[in-house]
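**Student:** Sharing entry29.txt, compact mmCIF, C-alpha atoms:
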```txt
# COMPACT_ATOMS: atom_id res chain seq x y z
CA MET A 229 20.24 -9.12 -7.54
CA ILE A 230 18.96 -9.53 -3.97
CA ILE A 231 18.62 -13.13 -2.79
CA PHE A 232 16.61 -14.27 0.23
CA GLU A 233 17.91 -17.69 1.28
CA GLY A 234 15.89 -19.78 3.73
CA ILE A 235 14.65 -16.82 5.75
CA SER A 236 12.88 -17.65 9.01
CA LEU A 237 11.53 -15.00 11.35
CA ARG A 238 9.37 -15.09 14.44
CA ARG A 239 7.91 -11.99 16.07
CA GLY A 240 6.64 -12.92 19.52
CA PRO A 241 4.49 -16.05 19.23
CA GLN A 242 3.85 -15.53 15.50
CA VAL A 243 5.98 -17.16 12.80
CA LEU A 244 6.15 -14.76 9.84
CA PHE A 245 8.61 -16.65 7.60
CA SER A 246 9.71 -20.27 7.64
CA GLY A 247 12.54 -21.08 5.23
CA ALA A 248 11.36 -18.50 2.67
CA SER A 249 13.52 -18.00 -0.43
CA ILE A 250 13.18 -15.64 -3.39
CA THR A 251 15.39 -13.70 -5.83
CA LEU A 252 14.75 -10.06 -6.76
CA GLN A 253 16.15 -9.12 -10.15
CA PRO A 254 17.73 -5.65 -10.57
CA GLY A 255 15.68 -2.97 -12.28
CA GLN A 256 12.30 -4.57 -11.63
CA ASN A 257 9.30 -2.83 -10.10
CA ILE A 258 7.96 -5.28 -7.52
CA ALA A 259 4.78 -5.06 -5.43
CA LEU A 260 4.82 -6.78 -2.05
CA ILE A 261 1.36 -7.91 -0.97
CA GLY A 262 -0.11 -10.02 1.81
CA ALA A 263 -2.58 -9.91 4.66
CA ASN A 264 -2.12 -7.36 7.44
CA GLY A 265 0.41 -8.78 9.89
CA ALA A 266 1.85 -11.24 7.36
CA GLY A 267 5.32 -9.67 7.59
CA LYS A 268 5.56 -7.03 4.84
CA SER A 269 7.03 -4.29 7.03
CA SER A 270 9.27 -6.84 8.76
CA LEU A 271 10.68 -7.81 5.37
CA PHE A 272 11.50 -4.15 4.70
CA SER A 273 13.13 -3.88 8.13
CA MET A 274 15.37 -6.84 7.28
CA LEU A 275 16.43 -5.19 4.03
CA LEU A 276 17.24 -1.97 5.91
CA GLY A 277 19.27 -3.85 8.52
CA GLU A 278 16.90 -2.87 11.32
CA LEU A 279 15.86 -6.48 11.93
CA GLN A 280 17.81 -9.72 11.74
CA ALA A 281 16.33 -13.01 10.50
CA ASP A 282 16.31 -15.88 12.99
CA GLN A 283 17.67 -18.13 10.25
CA GLY A 284 18.81 -17.67 6.66
CA ASN A 285 20.60 -14.90 4.80
CA ILE A 286 19.95 -11.95 2.53
CA ARG A 287 22.66 -11.67 -0.14
CA GLY A 288 23.32 -8.96 -2.71
CA LEU A 289 22.87 -5.84 -0.58
CA ASP A 290 26.58 -4.96 -0.38
CA GLY A 291 27.27 -1.75 -2.27
CA LEU A 292 23.60 -1.01 -3.01
CA ARG A 293 22.16 2.40 -2.13
CA LEU A 294 18.79 1.93 -0.41
CA ALA A 295 16.21 4.68 -0.03
CA HIS A 296 13.02 4.22 1.98
CA MET A 297 9.93 6.18 2.85
CA ALA A 298 9.79 6.81 6.58
CA GLN A 299 6.38 6.28 8.21
CA GLU A 300 7.05 8.54 11.19
CA SER A 301 6.01 12.16 10.66
CA GLU A 302 8.98 14.20 11.80
CA ARG A 303 8.51 17.64 13.38
CA SER A 304 11.38 19.65 11.93
CA SER A 305 12.14 23.35 11.72
CA LEU A 306 13.59 22.88 8.22
CA SER A 307 11.58 24.27 5.35
CA ALA A 308 9.75 21.74 3.19
CA THR A 309 12.25 22.30 0.37
CA ASP A 310 15.31 21.89 2.63
CA TYR A 311 13.80 18.79 4.27
CA VAL A 312 13.50 17.14 0.87
CA ILE A 313 16.98 18.27 -0.27
CA ALA A 314 18.37 16.63 2.89
CA GLY A 315 17.28 13.32 1.39
CA ASP A 316 20.43 13.58 -0.73
CA ALA A 317 22.87 13.30 2.17
CA ALA A 318 25.97 14.15 0.12
CA VAL A 319 24.44 17.32 -1.33
CA TRP A 320 23.00 18.39 2.03
CA SER A 321 26.31 17.85 3.81
CA THR A 322 28.17 19.87 1.16
CA LEU A 323 25.67 22.73 1.34
CA ASN A 324 26.08 22.89 5.11
CA ALA A 325 29.89 22.77 4.76
CA ILE A 326 29.78 25.68 2.29
CA ALA A 327 27.65 27.72 4.68
CA GLU A 328 30.04 27.05 7.56
CA SER A 329 33.14 27.88 5.49
CA GLU A 330 31.63 31.13 4.23
CA GLN A 331 30.59 32.06 7.76
CA ARG A 332 34.23 31.59 8.86
CA GLU A 333 35.33 33.47 5.73
CA ASP A 334 37.37 30.42 4.70
CA PHE A 335 36.80 31.04 1.04
CA GLU A 336 39.47 28.59 -0.10
CA SER A 337 37.61 25.70 1.53
CA ALA A 338 34.33 27.09 0.22
CA ALA A 339 35.70 27.08 -3.34
CA ILE A 340 36.66 23.40 -3.03
CA GLN A 341 33.24 22.56 -1.61
CA HIS A 342 31.51 24.44 -4.45
CA GLN A 343 33.42 22.25 -6.92
CA GLN A 344 32.27 19.19 -5.02
CA LEU A 345 28.68 20.48 -5.11
CA GLU A 346 28.89 20.86 -8.89
CA THR A 347 30.16 17.27 -9.19
CA LEU A 348 27.16 16.10 -7.15
CA ASP A 349 24.74 18.12 -9.36
CA GLY A 350 23.90 19.94 -6.14
CA TYR A 351 23.07 23.28 -7.75
CA SER A 352 19.94 21.70 -9.24
CA ALA A 353 18.88 20.22 -5.89
CA PRO A 354 16.44 23.03 -4.88
CA ARG A 355 14.75 22.85 -8.28
CA ARG A 356 14.51 19.04 -8.16
CA ALA A 357 13.15 19.10 -4.61
CA GLN A 358 10.51 21.66 -5.50
CA GLN A 359 9.45 19.65 -8.57
CA LEU A 360 8.88 16.64 -6.31
CA LEU A 361 6.86 18.72 -3.84
CA LEU A 362 4.71 20.30 -6.53
CA GLY A 363 4.12 16.92 -8.13
CA LEU A 364 2.93 15.55 -4.79
CA GLY A 365 0.40 18.36 -4.43
CA PHE A 366 2.13 21.00 -2.32
CA ALA A 367 1.15 24.58 -3.07
CA LEU A 368 3.97 26.81 -4.35
CA GLU A 369 3.56 29.29 -1.51
CA LYS A 370 4.07 26.54 1.09
CA LEU A 371 7.39 25.19 -0.14
CA GLU A 372 9.33 27.32 2.33
CA HIS A 373 7.04 26.63 5.30
CA PRO A 374 8.68 24.68 8.13
CA VAL A 375 7.89 20.97 8.29
CA GLN A 376 6.36 21.30 11.77
CA GLN A 377 3.57 23.50 10.38
CA PHE A 378 2.22 20.70 8.18
CA SER A 379 -0.34 18.14 9.31
CA GLY A 380 0.59 14.48 9.76
CA GLY A 381 -0.67 13.48 6.30
CA TRP A 382 1.32 16.22 4.59
CA ARG A 383 4.45 15.29 6.57
CA ILE A 384 4.11 11.74 5.24
CA ARG A 385 4.07 13.27 1.75
CA LEU A 386 7.27 15.10 2.68
CA ASN A 387 8.81 11.76 3.68
CA LEU A 388 7.82 10.36 0.29
CA ALA A 389 9.36 13.32 -1.54
CA ARG A 390 12.53 12.92 0.54
CA ALA A 391 12.77 9.23 -0.39
CA LEU A 392 12.37 10.08 -4.08
CA MET A 393 15.12 12.70 -3.70
CA THR A 394 17.55 10.17 -2.23
CA PRO A 395 19.98 8.70 -4.81
CA SER A 396 19.23 4.98 -4.76
CA ASP A 397 19.64 1.63 -6.44
CA VAL A 398 16.72 0.17 -4.47
CA LEU A 399 13.67 2.21 -3.46
CA LEU A 400 11.46 0.87 -0.65
CA LEU A 401 7.99 2.44 -0.45
CA ASP A 402 5.40 1.47 2.17
CA GLU A 403 1.85 2.36 1.06
CA PRO A 404 2.98 5.47 -0.87
CA THR A 405 -0.52 6.40 -2.11
CA ASN A 406 -2.23 6.38 1.31
CA HIS A 407 -2.21 10.18 1.72
CA LEU A 408 -2.33 11.17 -1.95
CA ASP A 409 -5.20 12.57 -3.97
CA LEU A 410 -5.78 11.37 -7.53
CA ASP A 411 -3.60 13.98 -9.23
CA ALA A 412 -0.64 13.27 -6.94
CA THR A 413 -1.15 9.50 -7.36
CA LEU A 414 -1.02 9.81 -11.15
CA TRP A 415 2.09 11.98 -10.92
CA LEU A 416 3.82 9.44 -8.64
CA GLN A 417 2.78 6.63 -10.98
CA ALA A 418 4.53 8.37 -13.90
CA TRP A 419 7.62 9.10 -11.77
CA LEU A 420 7.99 5.47 -10.69
CA GLN A 421 7.56 4.22 -14.26
CA ASN A 422 10.73 6.16 -15.11
CA TYR A 423 12.71 5.09 -12.03
CA ASP A 424 15.93 3.35 -13.08
CA GLY A 425 16.56 1.26 -9.97
CA THR A 426 14.70 -1.59 -8.30
CA LEU A 427 11.36 -0.56 -6.82
CA PHE A 428 10.05 -2.66 -3.93
CA MET A 429 6.66 -1.39 -2.84
CA ILE A 430 4.07 -2.40 -0.26
CA SER A 431 0.63 -1.50 -1.56
CA HIS A 432 -3.03 -2.50 -1.47
CA ASP A 433 -3.89 -0.27 -4.47
CA ARG A 434 -4.49 -2.73 -7.31
CA ASP A 435 -4.72 -0.07 -10.04
CA PHE A 436 -1.49 1.56 -8.86
CA ILE A 437 0.26 -1.83 -8.82
CA ASP A 438 -0.99 -2.60 -12.33
CA ALA A 439 0.36 0.71 -13.60
CA THR A 440 3.80 0.56 -11.95
CA CYS A 441 4.87 -3.05 -11.30
CA GLN A 442 6.02 -5.96 -13.47
CA ARG A 443 6.05 -8.50 -10.65
CA VAL A 444 4.01 -9.27 -7.54
CA LEU A 445 5.53 -10.92 -4.48
CA LYS A 446 3.01 -12.35 -2.03
CA ILE A 447 3.60 -13.43 1.55
CA GLU A 448 1.44 -16.50 2.13
CA HIS A 449 1.77 -19.55 4.35
CA GLN A 450 5.05 -18.11 5.75
CA GLN A 451 6.59 -18.22 2.26
CA LEU A 452 7.35 -15.74 -0.53
CA THR A 453 5.62 -16.53 -3.81
CA ALA A 454 6.36 -14.60 -7.01
CA TYR A 455 3.86 -13.84 -9.79
CA ARG A 456 4.53 -12.26 -13.18
CA GLY A 457 2.89 -8.96 -14.08
CA GLY A 458 0.74 -6.58 -12.05
CA TYR A 459 -2.10 -7.24 -9.63
CA SER A 460 -4.62 -8.23 -12.30
CA ASP A 461 -2.11 -10.76 -13.66
CA TYR A 462 -1.53 -12.04 -10.12
CA GLU A 463 -5.26 -12.60 -9.64
CA GLN A 464 -5.51 -14.60 -12.87
CA GLN A 465 -2.44 -16.72 -12.07
CA ARG A 466 -3.62 -17.25 -8.51
CA THR A 467 -7.05 -18.39 -9.72
CA GLU A 468 -5.45 -20.85 -12.16
CA GLN A 469 -3.14 -22.20 -9.44
CA LEU A 470 -6.03 -22.69 -7.02
CA ALA A 471 -8.08 -24.49 -9.68
CA GLN A 472 -5.14 -26.75 -10.52
CA GLN A 473 -4.40 -27.40 -6.86
CA GLN A 474 -8.03 -28.29 -6.17
CA ALA A 475 -8.16 -30.63 -9.17
CA THR A 476 -4.93 -32.34 -8.02
CA PHE A 477 -6.30 -32.62 -4.48
CA GLU A 478 -9.55 -34.19 -5.65
CA LYS A 479 -7.68 -36.63 -7.92
CA GLN A 480 -5.41 -37.63 -5.05
CA GLN A 481 -8.38 -38.07 -2.70
CA ARG A 482 -10.00 -40.42 -5.21
CA ARG A 483 -6.78 -42.46 -5.38
CA VAL A 484 -6.53 -42.56 -1.57
CA ALA A 485 -10.14 -43.80 -1.36
CA GLU A 486 -9.41 -46.50 -3.97
CA ILE A 487 -6.34 -47.72 -2.05
CA GLU A 488 -8.12 -47.75 1.30
CA ASP A 489 -11.09 -49.59 -0.22
CA PHE A 490 -8.78 -52.20 -1.85
CA VAL A 491 -6.85 -52.77 1.39
CA ARG A 492 -10.05 -53.07 3.40
CA ARG A 493 -11.47 -55.67 1.00
CA PHE A 494 -8.41 -57.80 0.23
CA ARG A 495 -5.89 -57.44 3.04
CA ALA A 496 -7.02 -60.68 4.69
CA LYS A 497 -6.95 -62.68 1.44
CA ALA A 498 -3.70 -64.57 0.87
CA THR A 499 -3.85 -64.13 -2.92
CA LYS A 500 -4.24 -60.31 -2.62
CA ALA A 501 -2.17 -59.61 0.51
CA LYS A 502 0.98 -58.68 -1.46
CA GLN A 503 -0.96 -56.23 -3.65
CA ALA A 504 -2.57 -54.72 -0.54
CA GLN A 505 0.85 -54.18 1.07
CA SER A 506 2.13 -52.58 -2.13
CA ARG A 507 -0.77 -50.12 -2.13
CA LEU A 508 -0.20 -49.31 1.54
CA LYS A 509 3.41 -48.43 0.74
CA GLU A 510 2.16 -46.22 -2.11
CA LEU A 511 -0.09 -44.47 0.41
CA GLU A 512 2.81 -43.94 2.82
CA ARG A 513 5.03 -42.45 0.09
CA MET A 514 2.31 -40.16 -1.22
CA GLN A 515 2.95 -36.42 -0.71
CA ARG A 516 -0.42 -35.13 0.33
CA VAL A 517 -1.82 -32.14 -1.55
CA ALA A 518 -3.78 -29.64 0.53
CA PRO A 519 -7.19 -28.47 -0.68
CA ALA A 520 -7.22 -25.05 -2.34
CA HIS A 521 -7.53 -22.33 0.27
CA VAL A 522 -9.20 -18.99 -0.43
CA ASP A 523 -7.77 -16.26 1.78
CA SER A 524 -11.01 -14.36 2.40
CA PRO A 525 -14.08 -16.61 2.75
CA PHE A 526 -16.24 -13.61 3.66
CA CYS A 527 -19.11 -12.26 1.66
CA PHE A 528 -20.71 -8.85 1.93
CA THR A 529 -23.91 -7.38 0.59
CA PHE A 530 -25.53 -4.00 1.01
CA PRO A 531 -29.04 -4.13 2.48
CA GLU A 532 -31.88 -3.34 0.14
CA PRO A 533 -32.60 0.42 0.22
CA GLY A 534 -36.35 0.09 0.43
CA ARG A 535 -38.63 2.80 -0.92
CA ALA A 536 -37.01 5.62 -2.88
CA SER A 537 -38.17 8.76 -4.64
CA ASP A 538 -36.60 10.56 -7.55
CA PRO A 539 -34.68 12.72 -6.79
CA LEU A 540 -33.38 11.55 -3.42
CA LEU A 541 -31.75 14.79 -2.34
CA THR A 542 -31.02 18.21 -3.79
CA LEU A 543 -28.63 21.03 -2.94
CA ASP A 544 -29.72 24.30 -4.47
CA HIS A 545 -27.51 27.43 -4.65
CA ALA A 546 -25.73 26.18 -1.55
CA LYS A 547 -22.95 28.05 0.19
CA ILE A 548 -21.07 25.55 2.35
CA GLY A 549 -18.48 26.05 5.06
CA TYR A 550 -17.81 26.45 8.77
CA ALA A 551 -18.98 29.54 10.65
CA GLU A 552 -17.33 32.47 8.88
CA HIS A 553 -15.18 30.30 6.58
CA THR A 554 -16.80 29.60 3.20
CA VAL A 555 -15.44 26.53 1.39
CA LEU A 556 -17.83 26.13 -1.57
CA THR A 557 -20.29 28.54 -3.16
CA ASP A 558 -23.32 28.20 -5.42
CA VAL A 559 -23.41 24.41 -5.21
CA ALA A 560 -26.14 22.74 -7.26
CA LEU A 561 -26.35 18.96 -6.89
CA THR A 562 -29.09 16.38 -7.37
CA LEU A 563 -28.80 12.74 -6.28
CA ARG A 564 -31.04 10.18 -7.98
CA PRO A 565 -31.65 6.49 -7.26
CA GLY A 566 -28.86 4.30 -8.67
CA ASP A 567 -26.35 7.13 -9.14
CA ARG A 568 -22.64 6.27 -8.88
CA ILE A 569 -20.70 9.51 -8.53
CA GLY A 570 -16.96 10.01 -7.99
CA LEU A 571 -15.96 13.19 -6.16
CA LEU A 572 -12.57 14.54 -7.21
CA GLY A 573 -10.50 17.48 -6.05
CA LYS A 574 -7.23 18.39 -4.39
CA ASN A 575 -6.80 17.92 -0.64
CA GLY A 576 -8.50 20.82 1.09
CA ALA A 577 -10.72 21.65 -1.89
CA GLY A 578 -13.89 20.83 0.07
CA LYS A 579 -14.74 17.20 -0.74
CA SER A 580 -15.33 16.15 2.88
CA THR A 581 -17.16 19.39 3.58
CA LEU A 582 -19.55 18.69 0.71
CA LEU A 583 -20.19 15.12 1.94
CA LYS A 584 -20.90 16.38 5.46
CA SER A 585 -23.37 18.88 4.04
CA ILE A 586 -25.11 16.11 2.09
CA THR A 587 -25.36 13.89 5.18
CA GLY A 588 -26.47 16.73 7.40
CA ALA A 589 -23.36 16.42 9.60
CA LEU A 590 -22.87 20.15 9.05
CA PRO A 591 -25.86 21.52 10.93
CA ALA A 592 -26.77 24.19 8.42
CA LEU A 593 -25.76 25.61 5.10
CA LEU A 594 -24.45 29.14 5.13
CA GLU A 595 -26.85 29.88 2.26
CA GLY A 596 -29.14 27.97 -0.08
CA GLN A 597 -31.15 24.82 0.57
CA ARG A 598 -30.67 21.12 1.27
CA MET A 599 -33.87 19.35 0.33
CA PRO A 600 -34.47 15.67 1.09
CA VAL A 601 -37.56 14.76 -0.89
CA VAL A 602 -38.87 12.15 1.54
CA HIS A 603 -38.73 11.89 5.33
CA TYR A 604 -37.65 8.22 5.20
CA LEU A 605 -34.40 9.00 3.33
CA ARG A 606 -31.52 7.12 5.03
CA ILE A 607 -27.87 7.98 4.38
CA GLY A 608 -24.88 5.72 5.09
CA TYR A 609 -21.64 7.58 5.67
CA PHE A 610 -18.05 6.43 6.27
CA ASP A 611 -16.01 9.31 7.67
CA GLN A 612 -12.23 9.49 7.19
CA GLN A 613 -12.10 10.13 10.94
CA GLN A 614 -14.36 7.13 11.55
CA LEU A 615 -13.78 7.00 15.31
CA ASP A 616 -15.56 10.34 15.60
CA VAL A 617 -18.81 8.90 14.20
CA LEU A 618 -18.77 5.34 15.56
CA ASP A 619 -21.35 4.27 18.10
CA LEU A 620 -18.97 3.08 20.82
CA GLU A 621 -21.84 1.32 22.62
CA ALA A 622 -22.68 -0.87 19.61
CA SER A 623 -21.39 -4.42 19.10
CA PRO A 624 -20.06 -5.69 15.77
CA SER A 625 -21.80 -8.48 13.92
CA VAL A 626 -20.11 -10.61 11.27
CA SER A 627 -21.58 -13.07 8.81
CA ILE A 628 -19.32 -15.65 7.16
CA CYS A 629 -20.26 -17.54 4.05
CA SER A 630 -18.44 -19.84 1.68
CA GLY A 631 -18.39 -19.43 -2.00
```
Once more with this new file: its structure as structure tokens, please.

**Tutor:**
Amino acid sequence: MIIFEGISLRRGPQVLFSGASITLQPGQNIALIGANGAGKSSLFSMLLGELQADQGNIRGLDGLRLAHMAQESERSSLSATDYVIAGDAAVWSTLNAIAESEQREDFESAAIQHQQLETLDGYSAPRRAQQLLLGLGFALEKLEHPVQQFSGGWRIRLNLARALMTPSDVLLLDEPTNHLDLDATLWLQAWLQNYDGTLFMISHDRDFIDATCQRVLKIEHQQLTAYRGGYSDYEQQRTEQLAQQQATFEKQQRRVAEIEDFVRRFRAKATKAKQAQSRLKELERMQRVAPAHVDSPFCFTFPEPGRASDPLLTLDHAKIGYAEHTVLTDVALTLRPGDRIGLLGKNGAGKSTLLKSITGALPALLEGQRMPVVHYLRIGYFDQQQLDVLDLEASPSVSICSG
């Protein structure tokens, strides 16, 4: 087990942990949650030995094999398959030693290294690496492409595959689903459910946490608080705790008011002075309970859409793409008031292209028609490259409400 004992950590002026303690049991799948900047990545860095706590200790790491998902997108000349195989350092080192021995024609050394490779199950490494890549959505024809040819998002997927390839007792994953489509997310979910070691995962994906984790660890108030079950279980337990805390706070406040009222009324009376002093001592000894605190006291509502016609918008026999590059053909789509539509497809299949055609961000269809029924149709659009569509001259406005 991994034991955090009285961990305190300050980064600059901010205190992230103050005497935090928790025990991680072996073989559990644990989700680490908390507000941005609360210290999730710093906790991972402490486990990896990249960061030292100001106070306290982490026990139980000796002899454990840790694998982690790097967040930096490396530009490497290795093929995608070789990059993932290199996650198993022992296998990769042996493969390189075999290549060097055979190049020197030192076949005796090569024979010994081949035996070592068999012991390490290294002959299956290319197949295992390719299974990971295919599961994470890589096309078969791209498995031998060099890493540097992939975009940043795909290189993060390569880092994930490499972490899964690494033999480990503890697997640290930081937002593993950020760059995955639905199919790859479901594949990863199944893979992690069968992982034999301890999974420690930073995530904001509640459904993914529910499907993969048996425990939630939250960073709050510079402490580590454990909850049983997945994210839905955490929410229920958290709600019950807040309700109980608020009830205890209100009960204590009533008792404080009673004591203060008694002291105010009878402190000057000789017959009641002793009782008043006794109640004052009770007040001094009392451990004050804080009122229940809700992390996000913000509320949000969509503005009323106003007038609407049925249908709102239609694409008819549309051919969609960029210049000479056709992405989608013969698209027929009708949007009606109140529709809730999920758009699925592999990365690169044309989802964003279709949305841009619906919004009019693509200036024209290659063929077919886009027909808004009414001139007052207004479309809200959040682009994955949001900086490209923000009005940089506008000022933000925020409304805060309690509830």

**Student:** Could you pull the residues within 9 Å of A:Tyr609, counting all atoms listed in the file, minus those fewer than 4 positions along the same chain, as a list in words?

**Tutor:**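 The neighbour list is Leu583, Lys584 and Thr587 of chain A.
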
**Student:** Which of these, A:Gln481, A:Gln359, A:Thr251, A:Thr542, has the shortest distance to A:Pro519 once you count only C-alpha atoms?

**Tutor:**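 Of the candidates, the smallest distance to A:Pro519 is held by A:Gln481.
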
**Student:** Between atom CA of A:Phe378 and atom CA of A:Ser307, what is the spacing in Å?

**Tutor:**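 We find that atom CA of A:Ser307 and atom CA of A:Phe378 lie 10.4 Å from each other.
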
**Student:** For stretch 246-255 of chain A, take all atoms listed in the file, fit an axis-aligned box around them, add 4 Å to each of the six sides, then output centre and edge lengths in Å rounded to one decimal, as JSON.

**Tutor:**
```
{"center_x": 13.7, "center_y": -12.0, "center_z": -2.3, "size_x": 16.0, "size_y": 26.1, "size_z": 27.9}
```

**Student:** Can you tell me how far atom CA of A:Asn406 sits from atom CA of A:Met297, in Å to one decimal?

**Tutor:** 12.3 Å

**Student:** Can you work out which one of A:Leu388, A:Pro354, A:Ala501, A:Leu508 has the shortest atom-to-atom distance to A:Ala485, counting only C-alpha atoms?

**Tutor:**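 Of A:Leu388, A:Pro354, A:Ala501, A:Leu508, the one nearest A:Ala485, counting only C-alpha atoms, is A:Leu508.
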
**Student:** From the set A:Thr426, A:Thr581, A:Ser236, A:Asn575, which residue has the shortest atom-to-atom contact distance to A:Ala412, counting only C-alpha atoms?

**Tutor:**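 Under the stated criterion, the closest residue is A:Asn575.
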
**Student:** Step by step: start from the point (-6.6, -2.2, -9.2) in the file's coordinates, keep every protein, DNA or RNA residue that has an atom no farther than 12 Å from it, count all atoms listed in the file, and write the set as a list in words.

**Tutor:**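 Nearby residues: Ser431, His432, Asp433, Arg434, Asp435, Phe436, Ile437, Asp438, Ala439, Thr440, Cys441, Gly458, Tyr459, Ser460, Asp461, Tyr462 and Glu463 of chain A.
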
**Student:** So what do you get for atom CA of A:Met514 versus atom CA of A:Phe245, distance-wise?

**Tutor:** 25.9 Å

**Student:** Using all atoms listed in the file, can you tell me which of A:Leu360, A:Ile258, A:Val398, A:Leu420 comes closest to A:Ala308?

**Tutor:**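 For A:Ala308, the nearest of the given residues is A:Leu360.
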
**Student:** Which of these residues is nearest to A:Asn387, using all atoms listed in the file: A:Ala357, A:Met599, A:Ile607, A:Leu470?

**Tutor:**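 Among the listed residues, A:Ala357 lies closest to A:Asn387.
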
**Student:** Near stretch 553-563 of chain A, within 12 Å and counting all atoms listed in the file, which residues show up once chain neighbours fewer than 4 positions away are dropped, as a PyMOL selection string?

**Tutor:** chain A and resi 536-549+567-569+571+576-583+585-586+593-601+605+607
